[in-house]
Structure formats: structure tokens, C-alpha cells
file target_13.txt (compact mmCIF, C-alpha atoms)
# COMPACT_ATOMS: atom_id res chain seq x y z
CA ARG A 1 0.00 0.00 0.00
CA SER A 2 1.00 3.57 -0.45
CA GLY A 3 3.31 4.82 2.24
CA LYS A 4 4.03 1.47 3.91
CA CYS A 5 7.55 0.24 4.62
CA TRP A 6 8.61 -3.34 5.03
CA ASN A 7 11.47 -5.07 6.80
CA ASN A 8 14.63 -5.73 4.82
CA TRP A 9 15.13 -9.44 5.37
CA ARG A 10 18.28 -11.09 4.12
CA THR A 11 19.36 -14.71 4.46
CA GLY A 12 22.36 -14.94 2.18
CA LYS A 13 22.49 -14.31 -1.54
CA ARG A 14 19.18 -15.97 -2.33
CA GLY A 15 17.05 -13.99 0.08
CA LEU A 16 14.24 -15.04 2.41
CA ARG A 17 12.36 -18.16 1.34
CA LEU A 18 8.62 -17.70 1.68
CA PRO A 19 5.88 -20.28 0.97
CA VAL A 20 3.77 -19.80 -2.16
CA LEU A 21 1.20 -17.41 -0.77
CA LEU A 22 1.72 -14.57 -3.22
CA GLN A 23 0.64 -15.13 -6.80
CA PRO A 24 3.16 -14.85 -9.66
CA SER A 25 1.42 -11.55 -10.44
CA THR A 26 2.69 -10.17 -7.14
CA VAL A 27 6.18 -10.96 -8.30
CA ALA A 28 5.68 -8.81 -11.38
CA MET A 29 3.85 -6.08 -9.50
CA CYS A 30 6.59 -5.82 -6.89
CA LYS A 31 9.43 -5.96 -9.39
CA SER A 32 9.31 -2.20 -9.81
CA VAL A 33 9.43 -1.64 -6.05
CA LEU A 34 11.77 -4.35 -4.84
CA ARG A 35 15.49 -4.29 -5.48
CA CYS A 36 15.90 -8.03 -5.79
CA ILE A 37 13.33 -10.57 -6.88
CA ARG A 38 13.43 -14.15 -8.05
CA VAL A 39 10.68 -16.62 -8.88
CA GLU A 40 11.17 -20.35 -8.63
CA SER A 41 8.97 -23.35 -9.11
CA ASN A 42 7.61 -23.71 -5.58
CA SER A 43 8.79 -20.61 -3.80
CA LEU A 44 9.04 -16.87 -3.98
CA LEU A 45 12.51 -15.59 -3.19
CA LEU A 46 12.70 -11.97 -2.14
CA ASN A 47 15.14 -9.53 -0.69
CA LEU A 48 12.54 -7.27 0.84
CA THR A 49 13.50 -3.63 0.93
CA CYS A 50 11.65 -0.47 1.78
CA LEU A 51 8.56 -0.29 -0.42
CA LEU A 52 8.62 2.78 -2.62
CA PRO A 53 5.83 5.22 -1.82
CA PHE A 54 3.29 4.65 -4.56
CA SER A 55 -0.02 2.86 -4.44
CA LEU A 56 -0.14 -0.85 -5.21
CA GLN A 57 -3.58 -1.36 -3.75
CA ASP A 58 -5.50 -1.61 -7.03
CA ALA A 59 -2.86 -3.79 -8.67
CA PHE A 60 -2.70 -6.01 -5.59
CA GLN A 61 -6.48 -6.38 -5.61
CA ALA A 62 -6.55 -7.05 -9.35
CA PHE A 63 -4.07 -9.92 -9.29
CA HIS A 64 -5.28 -11.92 -6.26
CA ILE A 65 -8.47 -13.89 -5.84
CA ASN A 66 -7.89 -14.02 -2.07
CA PRO A 67 -5.99 -10.84 -1.11
CA THR A 68 -6.95 -11.22 2.57
CA LEU A 69 -4.89 -14.40 2.81
CA VAL A 70 -1.89 -12.76 1.18
CA GLN A 71 -2.13 -9.71 3.46
CA LYS A 72 -2.14 -12.03 6.45
CA PHE A 73 1.37 -13.17 5.60
CA LEU A 74 2.60 -9.72 4.63
CA LYS A 75 1.42 -8.12 7.85
CA PRO A 76 4.31 -9.39 10.06
CA LEU A 77 6.76 -7.69 7.68
CA LEU A 78 5.19 -4.24 8.14
CA ILE A 79 7.38 -1.94 10.21
CA GLY A 80 5.57 1.38 9.79
CA GLU A 81 3.99 3.96 7.54
CA LEU A 82 5.40 7.05 5.90
CA ALA A 83 4.42 10.37 7.46
CA PRO A 84 1.80 12.35 5.49
CA GLY A 85 4.40 14.95 4.52
CA GLU A 86 6.76 12.46 2.89
CA PRO A 87 7.13 12.57 -0.92
CA SER A 88 4.65 10.34 -2.71
CA GLN A 89 3.98 9.56 -6.34
CA ASP A 90 0.29 9.30 -5.51
CA ARG A 91 -0.19 13.04 -5.00
CA ASP A 92 -0.80 13.93 -8.64
CA LYS A 93 -3.41 11.23 -9.14
CA ASN A 94 -7.14 11.90 -9.28
CA SER A 95 -8.27 10.46 -5.97
CA GLN A 96 -11.94 10.59 -6.98
CA LEU A 97 -11.25 8.54 -10.11
CA VAL A 98 -9.40 5.98 -8.00
CA GLU A 99 -12.29 5.75 -5.54
CA ASP A 100 -14.86 5.48 -8.34
CA PHE A 101 -12.90 2.65 -9.93
CA ARG A 102 -12.78 0.78 -6.63
CA THR A 103 -16.53 1.27 -6.33
CA LEU A 104 -16.92 -0.13 -9.84
CA ARG A 105 -14.94 -3.21 -8.83
CA LYS A 106 -17.15 -3.73 -5.79
CA THR A 107 -20.18 -3.45 -8.06
CA ALA A 108 -18.73 -6.11 -10.36
CA GLU A 109 -18.13 -8.37 -7.37
CA GLU A 110 -21.73 -7.87 -6.20
CA MET A 111 -22.90 -8.79 -9.72
CA ASN A 112 -20.92 -12.06 -9.39
CA LEU A 113 -18.84 -11.18 -12.43
CA PHE A 114 -15.79 -12.84 -10.87
CA ARG A 115 -17.61 -16.18 -10.70
CA ALA A 116 -16.67 -18.55 -13.51
CA SER A 117 -19.04 -20.78 -15.46
CA PRO A 118 -17.89 -24.42 -15.20
CA LEU A 119 -19.91 -25.24 -18.32
CA PHE A 120 -18.14 -22.58 -20.41
CA PHE A 121 -14.63 -23.75 -19.56
CA SER A 122 -15.56 -27.44 -19.77
CA LEU A 123 -16.91 -26.95 -23.28
CA TYR A 124 -13.88 -24.88 -24.20
CA LEU A 125 -11.49 -27.61 -23.09
CA GLY A 126 -13.71 -30.17 -24.80
CA HIS A 127 -13.52 -28.44 -28.16
CA ILE A 128 -9.70 -28.36 -27.94
CA ILE A 129 -9.55 -32.10 -27.22
CA ALA A 130 -12.06 -32.71 -30.02
CA LEU A 131 -9.77 -30.89 -32.46
CA GLU A 132 -6.83 -33.08 -31.38
CA VAL A 133 -8.91 -36.24 -31.88
CA LEU A 134 -10.19 -34.98 -35.24
CA ALA A 135 -6.61 -34.42 -36.42
CA TRP A 136 -5.64 -38.00 -35.51
CA LEU A 137 -8.76 -39.49 -37.13
CA MET A 138 -8.12 -37.50 -40.28
CA VAL A 139 -4.57 -38.72 -40.80
CA SER A 140 -5.60 -42.25 -39.80
CA TYR A 141 -8.37 -42.54 -42.38
CA CYS A 142 -7.30 -40.07 -45.10
CA GLY A 143 -3.58 -40.75 -45.24
CA THR A 144 -0.66 -38.35 -45.41
CA GLY A 145 -1.17 -36.60 -48.74
CA TRP A 146 -0.31 -32.93 -49.14
CA ILE A 147 -3.90 -31.72 -48.94
CA THR A 148 -4.65 -33.89 -45.92
CA THR A 149 -1.47 -32.75 -44.20
CA LEU A 150 -2.27 -29.09 -44.84
CA ILE A 151 -5.75 -29.48 -43.37
CA LEU A 152 -4.26 -31.44 -40.48
CA ALA A 153 -1.79 -28.61 -39.79
CA CYS A 154 -4.64 -26.07 -39.74
CA ILE A 155 -6.59 -28.21 -37.26
CA LEU A 156 -3.57 -28.61 -34.97
CA THR A 157 -2.83 -24.89 -35.25
CA THR A 158 -6.37 -24.09 -34.17
CA SER A 159 -6.07 -26.49 -31.26
CA GLN A 160 -2.76 -24.95 -30.18
CA ALA A 161 -4.04 -21.38 -30.45
CA GLN A 162 -7.19 -22.16 -28.47
CA ALA A 163 -5.18 -24.04 -25.85
CA GLY A 164 -3.06 -20.90 -25.58
CA TRP A 165 -6.12 -18.82 -24.77
CA LEU A 166 -7.33 -21.45 -22.26
CA GLN A 167 -4.02 -21.63 -20.37
CA HIS A 168 -4.23 -17.85 -20.17
CA ASP A 169 -7.49 -18.21 -18.21
CA PHE A 170 -6.02 -20.63 -15.68
CA GLY A 171 -2.81 -18.63 -15.43
CA HIS A 172 -4.84 -15.60 -14.38
CA LEU A 173 -6.70 -17.64 -11.72
CA SER A 174 -10.02 -16.81 -13.37
CA VAL A 175 -11.59 -20.30 -13.41
CA PHE A 176 -11.47 -21.87 -9.94
CA LYS A 177 -11.97 -20.24 -6.56
CA LYS A 178 -8.77 -21.78 -5.19
CA SER A 179 -5.44 -20.63 -6.59
CA SER A 180 -3.93 -24.10 -6.25
CA TRP A 181 -6.54 -25.64 -8.55
CA ASN A 182 -5.91 -22.97 -11.18
CA HIS A 183 -2.16 -23.59 -10.96
CA ILE A 184 -2.53 -27.36 -11.36
CA VAL A 185 -4.77 -27.15 -14.43
CA HIS A 186 -2.62 -24.35 -15.82
CA LYS A 187 0.39 -26.67 -15.77
CA PHE A 188 -1.63 -29.37 -17.53
CA VAL A 189 -2.93 -27.09 -20.29
CA ILE A 190 0.25 -25.12 -21.00
CA GLY A 191 2.51 -28.12 -20.38
CA HIS A 192 0.75 -31.21 -21.69
CA LEU A 193 -1.39 -29.54 -24.36
CA LYS A 194 1.22 -27.02 -25.56
CA GLY A 195 4.66 -28.11 -24.41
CA ALA A 196 5.47 -24.82 -22.64
CA SER A 197 6.31 -23.72 -19.10
CA ALA A 198 3.79 -22.31 -16.61
CA ASN A 199 6.50 -20.61 -14.53
CA TRP A 200 8.05 -19.02 -17.62
CA TRP A 201 4.65 -17.71 -18.68
CA ASN A 202 3.75 -16.40 -15.22
CA HIS A 203 6.99 -14.50 -14.76
CA ARG A 204 6.85 -12.93 -18.19
CA HIS A 205 3.13 -12.25 -18.53
CA PHE A 206 2.47 -10.67 -15.16
CA GLN A 207 5.26 -8.18 -15.66
CA HIS A 208 3.38 -7.14 -18.77
CA HIS A 209 0.11 -6.83 -16.85
CA ALA A 210 1.62 -4.85 -13.99
CA LYS A 211 3.23 -2.24 -16.27
CA PRO A 212 1.84 -2.61 -19.82
CA ASN A 213 3.75 -0.77 -22.55
CA ILE A 214 6.25 0.66 -20.06
CA PHE A 215 9.85 0.48 -21.23
CA LYS A 216 12.20 -1.53 -18.98
CA LYS A 217 9.23 -2.95 -17.07
CA ASP A 218 7.09 -4.68 -19.70
CA PRO A 219 9.03 -7.50 -21.40
CA ASP A 220 6.58 -7.43 -24.31
CA VAL A 221 7.97 -4.10 -25.49
CA ASN A 222 11.58 -5.24 -25.13
CA MET A 223 12.23 -5.73 -28.84
CA LEU A 224 15.98 -6.44 -28.56
CA HIS A 225 16.78 -3.48 -30.85
CA ILE A 226 14.84 -5.15 -33.70
CA PHE A 227 11.97 -2.64 -33.57
CA VAL A 228 11.49 0.83 -32.13
CA LEU A 229 8.07 1.47 -30.63
CA GLY A 230 5.92 4.43 -29.63
CA ASP A 231 6.81 8.08 -30.10
CA THR A 232 9.71 8.59 -27.68
CA GLN A 233 11.97 5.55 -28.19
CA PRO A 234 12.43 6.17 -31.95
CA VAL A 235 13.49 9.77 -31.31
CA GLU A 236 15.92 8.68 -28.58
CA TYR A 237 17.48 6.09 -30.88
CA GLY A 238 17.66 8.62 -33.69
CA LYS A 239 19.35 11.30 -31.60
CA LYS A 240 21.90 8.76 -30.35
CA LYS A 241 22.48 7.62 -33.97
CA LEU A 242 21.56 4.04 -33.06
CA LYS A 243 20.93 1.96 -36.16
CA TYR A 244 20.89 -1.74 -35.38
CA LEU A 245 18.48 -2.18 -38.27
CA PRO A 246 16.92 0.20 -40.83
CA TYR A 247 13.97 1.09 -38.61
CA ASN A 248 12.32 3.19 -41.31
CA HIS A 249 11.61 -0.17 -42.97
CA GLN A 250 10.48 -2.00 -39.83
CA HIS A 251 6.87 -2.05 -40.99
CA GLU A 252 8.10 -4.13 -43.94
CA TYR A 253 10.53 -6.56 -42.30
CA PHE A 254 7.97 -7.05 -39.50
CA PHE A 255 6.25 -9.61 -41.75
CA LEU A 256 9.50 -11.58 -42.12
CA ILE A 257 10.64 -11.51 -38.49
CA PHE A 258 7.89 -11.13 -35.93
CA PRO A 259 4.87 -13.30 -36.92
CA PRO A 260 6.79 -16.26 -38.40
CA LEU A 261 9.59 -16.53 -35.82
CA LEU A 262 8.23 -15.53 -32.40
CA ILE A 263 6.86 -18.91 -31.28
CA PRO A 264 8.88 -21.46 -33.30
CA VAL A 265 12.23 -19.78 -32.63
CA TYR A 266 12.35 -17.10 -29.90
CA PHE A 267 9.76 -18.52 -27.48
CA GLN A 268 10.96 -22.10 -27.94
CA ILE A 269 14.54 -21.19 -27.14
CA GLN A 270 13.49 -19.02 -24.20
CA ILE A 271 11.13 -21.63 -22.75
CA ILE A 272 13.59 -24.53 -22.90
CA SER A 273 16.53 -22.50 -21.61
CA THR A 274 14.43 -21.05 -18.77
CA MET A 275 13.19 -24.46 -17.60
CA ILE A 276 16.71 -25.85 -17.54
CA ARG A 277 18.48 -22.77 -16.17
CA ARG A 278 15.90 -22.12 -13.44
CA ARG A 279 15.40 -25.84 -12.75
CA PHE A 280 11.68 -25.88 -13.43
CA TRP A 281 11.72 -29.67 -13.49
CA ALA A 282 7.95 -30.08 -13.08
CA ASP A 283 7.34 -27.80 -16.05
CA LEU A 284 9.95 -29.70 -18.04
CA ALA A 285 8.21 -32.99 -17.26
CA TRP A 286 4.88 -31.60 -18.46
CA ALA A 287 6.50 -30.30 -21.65
CA ILE A 288 8.16 -33.67 -22.29
CA SER A 289 4.76 -35.35 -21.91
CA TYR A 290 3.45 -33.13 -24.72
CA TYR A 291 6.27 -34.02 -27.09
CA MET A 292 6.01 -37.72 -26.24
CA ARG A 293 2.29 -37.70 -26.97
CA TYR A 294 2.78 -35.78 -30.21
CA PHE A 295 5.58 -37.96 -31.59
CA ILE A 296 3.92 -41.23 -30.52
CA THR A 297 0.82 -40.08 -32.40
CA TYR A 298 2.41 -38.90 -35.65
CA ILE A 299 5.71 -40.76 -36.12
CA PRO A 300 3.83 -43.87 -37.37
CA PHE A 301 2.40 -41.74 -40.18
CA TYR A 302 5.16 -39.23 -40.99
CA GLY A 303 8.33 -40.65 -39.48
CA VAL A 304 10.63 -38.69 -37.15
CA LEU A 305 11.70 -36.02 -39.64
CA GLY A 306 8.23 -35.63 -41.12
CA SER A 307 6.65 -35.26 -37.66
CA LEU A 308 9.25 -32.67 -36.70
CA CYS A 309 8.57 -30.70 -39.90
CA LEU A 310 4.82 -30.87 -39.25
CA LEU A 311 5.26 -29.59 -35.70
CA THR A 312 7.47 -26.73 -36.90
CA PHE A 313 4.90 -25.78 -39.52
CA VAL A 314 2.13 -25.81 -36.90
CA ARG A 315 4.23 -23.55 -34.64
CA PHE A 316 4.84 -21.28 -37.63
CA LEU A 317 1.10 -20.93 -38.33
CA GLU A 318 0.25 -20.52 -34.64
CA SER A 319 2.86 -17.78 -34.31
CA HIS A 320 1.08 -15.68 -36.94
CA TRP A 321 -2.24 -16.12 -35.14
CA PHE A 322 -0.71 -15.28 -31.77
CA VAL A 323 1.26 -12.21 -32.89
CA TRP A 324 -1.54 -10.49 -34.75
CA VAL A 325 -4.05 -11.05 -31.93
CA THR A 326 -1.78 -10.04 -29.05
CA GLN A 327 -0.09 -7.07 -30.70
CA MET A 328 -3.20 -5.41 -32.13
CA ASN A 329 -4.24 -4.38 -28.61
CA HIS A 330 -0.91 -2.86 -27.58
CA ILE A 331 1.53 -1.78 -30.31
CA PRO A 332 -0.75 0.97 -31.70
CA MET A 333 -1.31 2.32 -28.19
CA GLU A 334 0.87 4.57 -26.02
CA ILE A 335 4.31 3.05 -25.34
CA ASP A 336 6.52 5.16 -23.10
CA SER A 337 8.46 5.33 -19.85
CA GLU A 338 6.84 5.17 -16.43
CA LYS A 339 4.33 7.98 -15.73
CA HIS A 340 3.04 6.78 -12.34
CA ARG A 341 -0.62 6.87 -13.31
CA ASP A 342 -3.49 5.34 -11.42
CA TRP A 343 -4.46 1.76 -12.27
CA LEU A 344 -7.37 2.62 -14.58
CA SER A 345 -5.54 5.31 -16.57
CA SER A 346 -2.35 3.28 -17.00
CA GLN A 347 -4.17 0.17 -18.22
CA VAL A 348 -6.55 1.95 -20.60
CA ALA A 349 -3.74 4.04 -22.13
CA ALA A 350 -1.88 0.86 -23.10
CA THR A 351 -4.80 -1.21 -24.38
CA CYS A 352 -7.69 -1.08 -26.82
CA ASN A 353 -10.70 -3.26 -27.56
CA ILE A 354 -11.88 -4.99 -30.73
CA GLU A 355 -15.54 -5.03 -31.69
CA GLN A 356 -17.47 -7.96 -30.26
CA SER A 357 -18.80 -10.82 -32.36
CA PHE A 358 -18.96 -14.58 -31.87
CA PHE A 359 -16.01 -15.06 -34.22
CA ASN A 360 -13.93 -12.27 -32.62
CA ASP A 361 -14.57 -13.70 -29.15
CA TRP A 362 -13.47 -17.19 -30.24
CA PHE A 363 -10.61 -16.11 -32.50
CA THR A 364 -9.01 -13.86 -29.88
CA GLY A 365 -9.88 -15.86 -26.77
CA HIS A 366 -11.95 -12.85 -25.64
CA LEU A 367 -8.83 -10.67 -25.77
CA ASN A 368 -10.95 -8.38 -27.92
CA PHE A 369 -12.02 -7.17 -24.44
CA GLN A 370 -8.43 -6.25 -23.67
CA ILE A 371 -9.32 -3.18 -21.58
CA GLU A 372 -11.61 -5.13 -19.26
CA HIS A 373 -9.12 -7.98 -19.06
CA HIS A 374 -6.30 -5.65 -18.00
CA LEU A 375 -8.46 -3.91 -15.41
CA PHE A 376 -9.79 -7.18 -14.00
CA PRO A 377 -7.33 -9.97 -14.89
CA THR A 378 -8.98 -12.52 -12.55
CA MET A 379 -12.43 -11.98 -14.06
CA PRO A 380 -13.64 -14.93 -16.19
CA ARG A 381 -13.57 -13.85 -19.82
CA HIS A 382 -17.21 -14.72 -20.49
CA ASN A 383 -18.21 -11.84 -18.18
CA PHE A 384 -16.17 -9.09 -19.85
CA TRP A 385 -19.12 -7.94 -21.94
CA LYS A 386 -21.16 -7.42 -18.78
CA VAL A 387 -18.65 -5.09 -17.10
CA LYS A 388 -17.78 -3.25 -20.32
CA PRO A 389 -20.63 -0.63 -20.08
CA LEU A 390 -19.57 0.25 -16.54
CA VAL A 391 -15.95 0.74 -17.62
CA LYS A 392 -16.92 2.85 -20.62
CA SER A 393 -19.12 5.03 -18.45
CA LEU A 394 -16.35 5.62 -15.92
CA CYS A 395 -13.84 6.45 -18.66
CA ALA A 396 -16.28 8.92 -20.23
CA LYS A 397 -16.87 10.58 -16.86
CA TYR A 398 -13.17 11.37 -16.40
CA GLY A 399 -12.19 11.90 -20.03
CA VAL A 400 -10.09 8.73 -20.26
CA GLN A 401 -10.01 7.58 -23.88
CA TYR A 402 -11.69 4.20 -24.35
CA GLU A 403 -10.70 2.92 -27.79
CA GLU A 404 -12.55 0.22 -29.71
CA LYS A 405 -12.09 -0.71 -33.37
CA PRO A 406 -12.92 -3.40 -35.96
CA LEU A 407 -10.66 -6.45 -36.19
CA GLY A 408 -9.32 -5.59 -39.65
CA LYS A 409 -8.46 -2.02 -38.68
CA ALA A 410 -6.65 -3.31 -35.59
CA PHE A 411 -4.40 -5.44 -37.79
CA VAL A 412 -3.71 -2.52 -40.12
CA ASP A 413 -2.93 -0.25 -37.17
CA ILE A 414 -0.04 -2.52 -36.12
CA VAL A 415 1.74 -1.89 -39.41
CA GLY A 416 0.79 1.80 -39.40
CA SER A 417 2.17 2.25 -35.91
CA LEU A 418 5.47 0.60 -36.84
CA LYS A 419 5.74 2.84 -39.91
CA LYS A 420 5.06 5.95 -37.84
CA SER A 421 7.72 5.00 -35.29
CA GLY A 422 10.18 4.20 -38.05
CA ASP A 423 9.62 7.59 -39.67
CA LEU A 424 10.18 9.32 -36.33
CA TRP A 425 13.46 7.46 -35.96
CA LEU A 426 14.62 8.40 -39.45
CA ASP A 427 13.81 12.06 -38.96
CA ALA A 428 15.68 12.18 -35.64
CA TYR A 429 18.57 10.17 -37.07
CA LEU A 430 19.05 12.55 -40.00
CA HIS A 431 18.17 15.92 -38.51
CA LYS A 432 18.59 15.92 -34.73
call {"tool": "encode", "arguments": {"input": "target_13.txt", "output": "C-alpha cells"}}
result
Amino acid sequence: RSGKCWNNWRTGKRGLRLPVLLQPSTVAMCKSVLRCIRVESNSLLLNLTCLLPFSLQDAFQAFHINPTLVQKFLKPLLIGELAPGEPSQDRDKNSQLVEDFRTLRKTAEEMNLFRASPLFFSLYLGHIIALEVLAWLMVSYCGTGWITTLILACILTTSQAQAGWLQHDFGHLSVFKKSSWNHIVHKFVIGHLKGASANWWNHRHFQHHAKPNIFKKDPDVNMLHIFVLGDTQPVEYGKKKLKYLPYNHQHEYFFLIFPPLLIPVYFQIQIISTMIRRRFWADLAWAISYYMRYFITYIPFYGVLGSLCLLTFVRFLESHWFVWVTQMNHIPMEIDSEKHRDWLSSQVAATCNIEQSFFNDWFTGHLNFQIEHHLFPTMPRHNFWKVKPLVKSLCAKYGVQYEEKPLGKAFVDIVGSLKKSGDLWLDAYLHK
């Protein structure tokens, strides 16, 4: 909370070992206020230092389905509160907006919008398993011809993409009332159905949620000098005469680098290296179970090399699906350094919505409601449409821009935003 200080506990280089009572989202949320932080498979390792004086209350509430339990274990670490006259980054925030947002959240809780539908998620998991079975039946009865294989790859791609959206639900603790149940099923979905790591995803994704589109805090805007984003970074690169790539052409080489390579190359390398380096052995076992199931299923039809080529092609197709859906909500929005805004303003500035339809809901895993998802990450996705009018009304009341657009325009805006940033870089590079 704003103005609270915590004991600085140290037990050697690795810090104080605490049981898993804080969610992985707390790790990300606290990363900007703790000097040292590490996440491991079954523990949270912290060197707790004095908490910087800005409000984490809304973020803390957003990420935990049982904040009272977490506060119980944080309470013994509290050593005092800052005096009212001490400097605080909360002073420039609209306190009435903050209070109205908290009232909105209470309203959503009273409307049971944080209660998941077992039928919805059961059917969703069922349709993923049905796609996997359909793929096997197809190759079993139709053979391994080019047309059959292409259709098979599309079915497996759809299954993988939808499993990606489903693991996202469990990772955000939005299905079960108990965190432990969400974590267990999350490992099954992301591990056995996708061959990835739950711990890797948690650590990366919750940093993004805590500080979306904030340089040095959101890993999703760390483009490794391949792209320049927003309005300020291109100018900074240009003034410093940094030219790792011809950024004025980034909207063109985007098609060759980002969609085709993110999942099959970058994510795969990062996932495997993270599991081994950080000793996430449980995650590694789940991932191995995925690859064993896949190769046992398809080696009899395609052989080892053919099965590996098929899997790579599926990852290639899935990567396009994933990149276009996830980036359309963020890249065209404000990307800048930390501005210490309130929770509502910071999340809405970095996100936008896509118009609702049955196809858009299914295709994006309800990430077309990106604003509502970022404001209430533990809310089951099938309830986003119910809270949307309340969010829009609050944004209109305080002049916070609430952006919504068609799916096609959202895709086009990704390229347009990259071109704009590239032009800013070129102008600064040549003339400043």
C-alpha cells in the first residue's frame, strides 16, 4: 500500500524463502518496487527492501483472488507507515477517479462477475480435445497426402491457439476459486497440451500486466533493438544515432521476423533454456509429456523427420495467429516510460478493444475485451461484456479515452504504428 515500509530481510544471496502465498502476479507487481526478486517453481525468493511510496492497492487487488490471505502473511513484515508529509507519487493522481474505480470493482463483485461458469470452460477444453482427436482421425483414415497434411496442420494450429487462450485463463486464476486448482490445471494445459512452461509464462506475462507498454518494465515491449516502438523511443534512438536495423523499414521486415519466428524460434529457445536454467523440473516434465504424446501419435504416419517438420509448420502458423491477436491491442497504443498513473488510466492508455462478435470472441480468446481484461485480470472472460458498459461510463466521466475498433483495422494499425515509429526514428537520425 501507499506509504508502507517493510522489513529488509536477508538470508544470504538468495534472500528469504517464503511459501507460495503470493501469486506470480505479485512478483511482477513488486518488481518495480523491490530491489531483488526471483521466482522459482515452488517458492518466492525476495530480498525485501523499503517499499517505494506509490499505491499498489489496485494492482494487488486485481491480481489476487484471495488478497486477505496474502495480506495475512505480509502483515508481520510491516514496520511502519510514511508520514503524510513524505514525498509520494500518488499526489498527482485523481483520488476521486481511483475511488470510483474501486466502487466499480465492488459493483462487479456484487454482480458475481468474478464467478466462472464451469460449463463454459468445460466446453472450451472439450472443443480443444475434439480438435486433437479430429486431427488424428483424419490422418488415420485419409492418409498423409499434401492436402490432408495441410488441413491437419490447420486443425492442430487451431487447437494450439485455443489451448493458448485457455491456459491464459487458468494462469490468471479466473476459473477456480482456489489458486492451487488454477495452478494445477494451468500446468496441464500449457505443459501437456502445448509443451510450454507455466512458470516461464507467469513471470513474463504478469510483468506485462503490472506495467503494460512501459519500457524496462514490460518484457513485451523489449524488442531487442529489432523494432522501435511508440513516439519517444524512436526519437531517442535517432538522436543517439543508433541503427541496429533500418527502422524506417520496420513495418516491412515485420512480416518476415515477428509473426513467423516468435513462437517457433524465440519462445521455444526461451522456454527450454528457462526451464533448464531455473530448474523448473515439473514444467519440463509436463513439456516432455506433450512431445512424447505428439511424436507417438504422428511418427507412425510421418516418421521422425516428417513429424518434426509438421510440428514446426504448426508452430509457424500458430505464431502468426498469436502475434496479430496479441499485438493489435498494444503496439498501436501509447508506449513510453513510467508515468506513475493510477491503475485505470495506465491500463486503458496501453490497451484497446476490438468489436465484439462470436467469431472475434473465439478467434481472440476474448482478448478483444483487452481493456476489461487488464483492469480485472482474474475476471472470467465470459463476463467481460457485462462489465464493459460500466468501464466505458467511468472512462467517459473522467475523459479517459476508451478505444474500440474493428478487427481488420486493428491489424492494419499494427503496421501503421510501426511505420510511424520508423519515420520518427529516421527524422531524428538525419536531422537531430
call {"tool": "residues_near_point", "arguments": {"input": "target_13.txt", "point": "(-8.6, 8.8, -9.5)", "cutoff": "9 Å", "atoms": "only C-alpha atoms", "output": "PyMOL selection string"}}
result
chain A and resi 93-101+342-345+398
call {"tool": "atom_distance", "arguments": {"input": "target_13.txt", "atom1": "atom CA of Gln401 of chain A", "atom2": "atom CA of Gln250 of chain A"}}
result
27.7 Å
call {"tool": "closest_residue", "arguments": {"input": "target_13.txt", "among": "A:Lys241, A:His366, A:Lys339, A:Lys187", "to": "Phe280 of chain A", "atoms": "all atoms listed in the file"}}
result
A:Lys187
call {"tool": "atom_distance", "arguments": {"input": "target_13.txt", "atom1": "atom CA of Gly230 of chain A", "atom2": "atom CA of Asp169 of chain A"}}
result
28.7 Å
call {"tool": "closest_residue", "arguments": {"input": "target_13.txt", "among": "A:Val323, A:Ile299, A:Cys352, A:Leu229", "to": "Leu261 of chain A", "atoms": "only C-alpha atoms"}}
result
A:Val323
call {"tool": "atom_distance", "arguments": {"input": "target_13.txt", "atom1": "atom CA of Gly191 of chain A", "atom2": "atom CA of Thr149 of chain A"}}
result
24.6 Å
call {"tool": "closest_residue", "arguments": {"input": "target_13.txt", "among": "A:Phe384, A:Phe369, A:Phe63, A:Phe411", "to": "Gln207 of chain A", "atoms": "all atoms listed in the file"}}
result
A:Phe63
call {"tool": "closest_residue", "arguments": {"input": "target_13.txt", "among": "A:Ala287, A:Leu193, A:Leu407, A:Leu375", "to": "Trp324 of chain A", "atoms": "all atoms listed in the file"}}
result
A:Leu407
call {"tool": "closest_residue", "arguments": {"input": "target_13.txt", "among": "A:Ile65, A:Cys154, A:Ala410, A:Met223", "to": "Gln327 of chain A", "atoms": "only C-alpha atoms"}}
result
A:Ala410
call {"tool": "residues_around", "arguments": {"input": "target_13.txt", "residues": "Asp218 of chain A", "least_positions_apart": "6", "cutoff": "9 Å", "atoms": "only C-alpha atoms", "output": "list in words"}}
result
Arg204, His205, Phe206, Gln207, His208, His209, Ala210, Lys211 and Pro212 of chain A
call {"tool": "closest_residue", "arguments": {"input": "target_13.txt", "among": "A:Pro259, A:Glu404, A:Leu394, A:Phe73", "to": "Leu317 of chain A", "atoms": "only C-alpha atoms"}}
result
A:Pro259
call {"tool": "residues_around", "arguments": {"input": "target_13.txt", "residues": "Trp425 of chain A", "least_positions_apart": "4", "cutoff": "8 Å", "atoms": "all atoms listed in the file", "output": "ChimeraX atom specification"}}
result
/A:228,234-238,247-248,421,429
call {"tool": "residues_around", "arguments": {"input": "target_13.txt", "residues": "Thr232 of chain A", "least_positions_apart": "5", "cutoff": "12 Å", "atoms": "all atoms listed in the file", "output": "number ranges by chain"}}
result
A: 214-215, 237-239, 334-337, 420-422, 424-425, 428
